[in-house]
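Some notes on the structure that comes next.
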Amino acid sequence: MEFKIYGYDSQPDKLFKQFAELGIHAVTGGADSNAIAAAKSAGLDYYVCTGAFGTSNTDLYCQDTSGERKSWFFSSGCPNSPELRAALLQTARRLAQTEGITGIIIDGDRFASPASNDGLSAFFTCFCPHCMKKMQEMGLDAAAIRDSALAAYRFIADNEPFDIDLHIDNLSAWVDFRRACVTESLQEFFGVIKKINPALKTGIYIFTPMLAPFAGQNYDDISEICDFLSPMIYRIYPYPDGIACLDHELAAISGWFDGKDDVQRKLLGDLLYTLFGSRFDDLPSADILLSKGVSNWLVVTEAAAAARYSCSIPILMLEDEQISASVNALEPFCDKVDFFKYEKNAFEKLFPSNGVQ
């Protein structure tokens, strides 16, 4: 099994030589010329990672069903904002000309997920003028989709009555719309890179197969337009903001069932199954998920689902106390594993001088 790792310390020259000795073949970081040179000297591949839609302009944030602007991932804005799309393509052009790198990985090219910073209302986005116009241009009834998203939001948040037969077609169109927009953005991003430097490897930090549909990411689409996928299979993340981490995302979804009776729980399970492929009505409580994380069985299940795509390189949380067990469990069907992110104590625990435990 080959290993990659995200991040490094203030002495990459020394650290990267250690990486190479311990069987790590690649490192990911920013467009840092010193680190790139150190990686080359140590014989490591170096990947540059970039975010997609970060912005300090709150006017570019997504709009929820009530028209409120919402930040959803480290101050990310709307994936359909022309300004942010243009900025992303400019980033692609700049990074594609970086000397000495092996490839480019994108993170955050998606819509809001259940565990977004601004909560459930951030997930039910985006209905900004750009998105509404784009829906109409795609032949969709944008106003009806927004009304159905609002009805679903009120059902989940406030237990208001919800008619699934009335709203399911519009909500399915909303999910498909998000998928189409994310795929389009990635096609543009990767296309610019390959046009400038076809030799560069292109990849994405992507949600796991179970969670990807919530964020508008589709494995079938994306695997056709980049060189590799790195599903973020983070079993546990012991910090407040755990966007993309299995424990935090599933905890958020588990919370959607709180305060609902059996009929409402079944209705919500039916809705989630129809839209996203799983019912989610048998999840542990949010408190249990956040304190204990998910099982290694789920880590293996999600990695196995992603492994159907030959370009899958799962990325695991290095600080997880069960990281060794996770790596060993993945070995039968994964020939490469990535780690997020470098931290000295966690790294030395997993990579003692004689290799992985």
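Here's how to read the names in the structure tokens: chain A, B, ... by the order shown, residue numbers from 1 in each chain, ligand numbers from 1 in the order shown.
For Ile233 (chain A), the non-local neighbours within 7 Å, defined as residues at least 4 positions apart in the same chain or in other chains and counting only C-alpha atoms, are Thr208, Cys245, Leu246, Val299, Pro314, Ile315 and Leu316 of chain A.
All residues of region 110-240 of chain A that DSSP, run on the backbone, classes as strand (DSSP E or B) are A:Thr125, A:Lys201, A:Thr202, A:Gly203, A:Ile204, A:Tyr205, A:Ile206, A:Phe228, A:Leu229, A:Ser230, A:Pro231, A:Met232.
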Could you write out that same residue set with N, CA, C and O atoms as an mmCIF file, in the first residue's frame?
data_model
loop_
_atom_site.group_PDB
_atom_site.id
_atom_site.type_symbol
_atom_site.label_atom_id
_atom_site.label_comp_id
_atom_site.auth_asym_id
_atom_site.auth_seq_id
_atom_site.Cartn_x
_atom_site.Cartn_y
_atom_site.Cartn_z
ATOM 1 N N THR A 125 -30.020 25.451 0.197
ATOM 2 C CA THR A 125 -29.604 26.515 -0.706
ATOM 3 C C THR A 125 -29.206 25.864 -2.035
ATOM 4 O O THR A 125 -29.057 24.648 -2.110
ATOM 5 N N LYS A 201 -1.757 15.625 -12.735
ATOM 6 C CA LYS A 201 -2.821 14.777 -12.228
ATOM 7 C C LYS A 201 -3.857 15.650 -11.527
ATOM 8 O O LYS A 201 -3.509 16.543 -10.755
ATOM 9 N N THR A 202 -5.115 15.402 -11.807
ATOM 10 C CA THR A 202 -6.189 16.193 -11.195
ATOM 11 C C THR A 202 -7.009 15.326 -10.260
ATOM 12 O O THR A 202 -7.322 14.171 -10.566
ATOM 13 N N GLY A 203 -7.349 15.880 -9.101
ATOM 14 C CA GLY A 203 -8.118 15.119 -8.120
ATOM 15 C C GLY A 203 -9.034 16.006 -7.311
ATOM 16 O O GLY A 203 -8.994 17.244 -7.408
ATOM 17 N N ILE A 204 -9.864 15.382 -6.492
ATOM 18 C CA ILE A 204 -10.828 16.102 -5.675
ATOM 19 C C ILE A 204 -10.981 15.424 -4.328
ATOM 20 O O ILE A 204 -11.035 14.200 -4.236
ATOM 21 N N TYR A 205 -11.016 16.240 -3.264
ATOM 22 C CA TYR A 205 -11.444 15.749 -1.968
ATOM 23 C C TYR A 205 -12.969 15.770 -1.993
ATOM 24 O O TYR A 205 -13.592 16.830 -2.040
ATOM 25 N N ILE A 206 -13.543 14.592 -1.989
ATOM 26 C CA ILE A 206 -14.973 14.418 -2.240
ATOM 27 C C ILE A 206 -15.647 13.774 -1.029
ATOM 28 O O ILE A 206 -15.006 13.049 -0.261
ATOM 29 N N PHE A 228 -8.305 11.245 -10.195
ATOM 30 C CA PHE A 228 -8.551 10.448 -8.992
ATOM 31 C C PHE A 228 -9.523 11.163 -8.058
ATOM 32 O O PHE A 228 -9.668 12.386 -8.089
ATOM 33 N N LEU A 229 -10.203 10.361 -7.255
ATOM 34 C CA LEU A 229 -11.125 10.831 -6.233
ATOM 35 C C LEU A 229 -10.539 10.489 -4.870
ATOM 36 O O LEU A 229 -10.036 9.381 -4.667
ATOM 37 N N SER A 230 -10.627 11.400 -3.926
ATOM 38 C CA SER A 230 -10.201 11.118 -2.562
ATOM 39 C C SER A 230 -11.386 11.315 -1.618
ATOM 40 O O SER A 230 -11.622 12.427 -1.122
ATOM 41 N N PRO A 231 -12.170 10.251 -1.390
ATOM 42 C CA PRO A 231 -13.288 10.372 -0.453
ATOM 43 C C PRO A 231 -12.800 10.649 0.956
ATOM 44 O O PRO A 231 -11.883 9.987 1.450
ATOM 45 N N MET A 232 -13.393 11.639 1.589
ATOM 46 C CA MET A 232 -12.996 12.048 2.946
ATOM 47 C C MET A 232 -13.707 11.149 3.956
ATOM 48 O O MET A 232 -14.814 11.433 4.406
#
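Taking CA of Leu140 (chain A) and CA of Arg178 (chain A) as endpoints, the distance between them is 12.4 Å.
Atom to atom, CA of Ala37 (chain A) and CA of Asp13 (chain A) stand 8.4 Å apart.
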Quiz prompt | Ala26 (chain A) environment, 6 Å, only C-alpha atoms, sequence neighbours closer than 5 positions dropped, as a PyMOL selection string | solution = chain A and resi 4+44-46
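Put simply, CA of Cys311 (chain A) is 6.4 Å away from CA of Asp227 (chain A).
Of the residues listed (A:Met210, A:Ile253, A:Ala325, A:Leu15), A:Ile253 shows the shortest atom-to-atom separation from Ser116 (chain A); distances use only C-alpha atoms.
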Self-check item: Picked from region 102-210 of chain A by DSSP as helix (DSSP H, G or I), as a ChimeraX atom specification
Solution: /A:120-123,129-137,142-158,164-196
Quiz item: Pick from A:Gly269, A:Pro284, A:Pro114, A:Gly277: nearest to Pro209 (chain A), with only C-alpha atoms counted?
Solution: A:Gly277
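Distances here use only C-alpha atoms; by that measure, the residue among A:Ile193, A:Leu89, A:Asp147, A:Ser324 closest to Pro352 (chain A) is A:Ser324.
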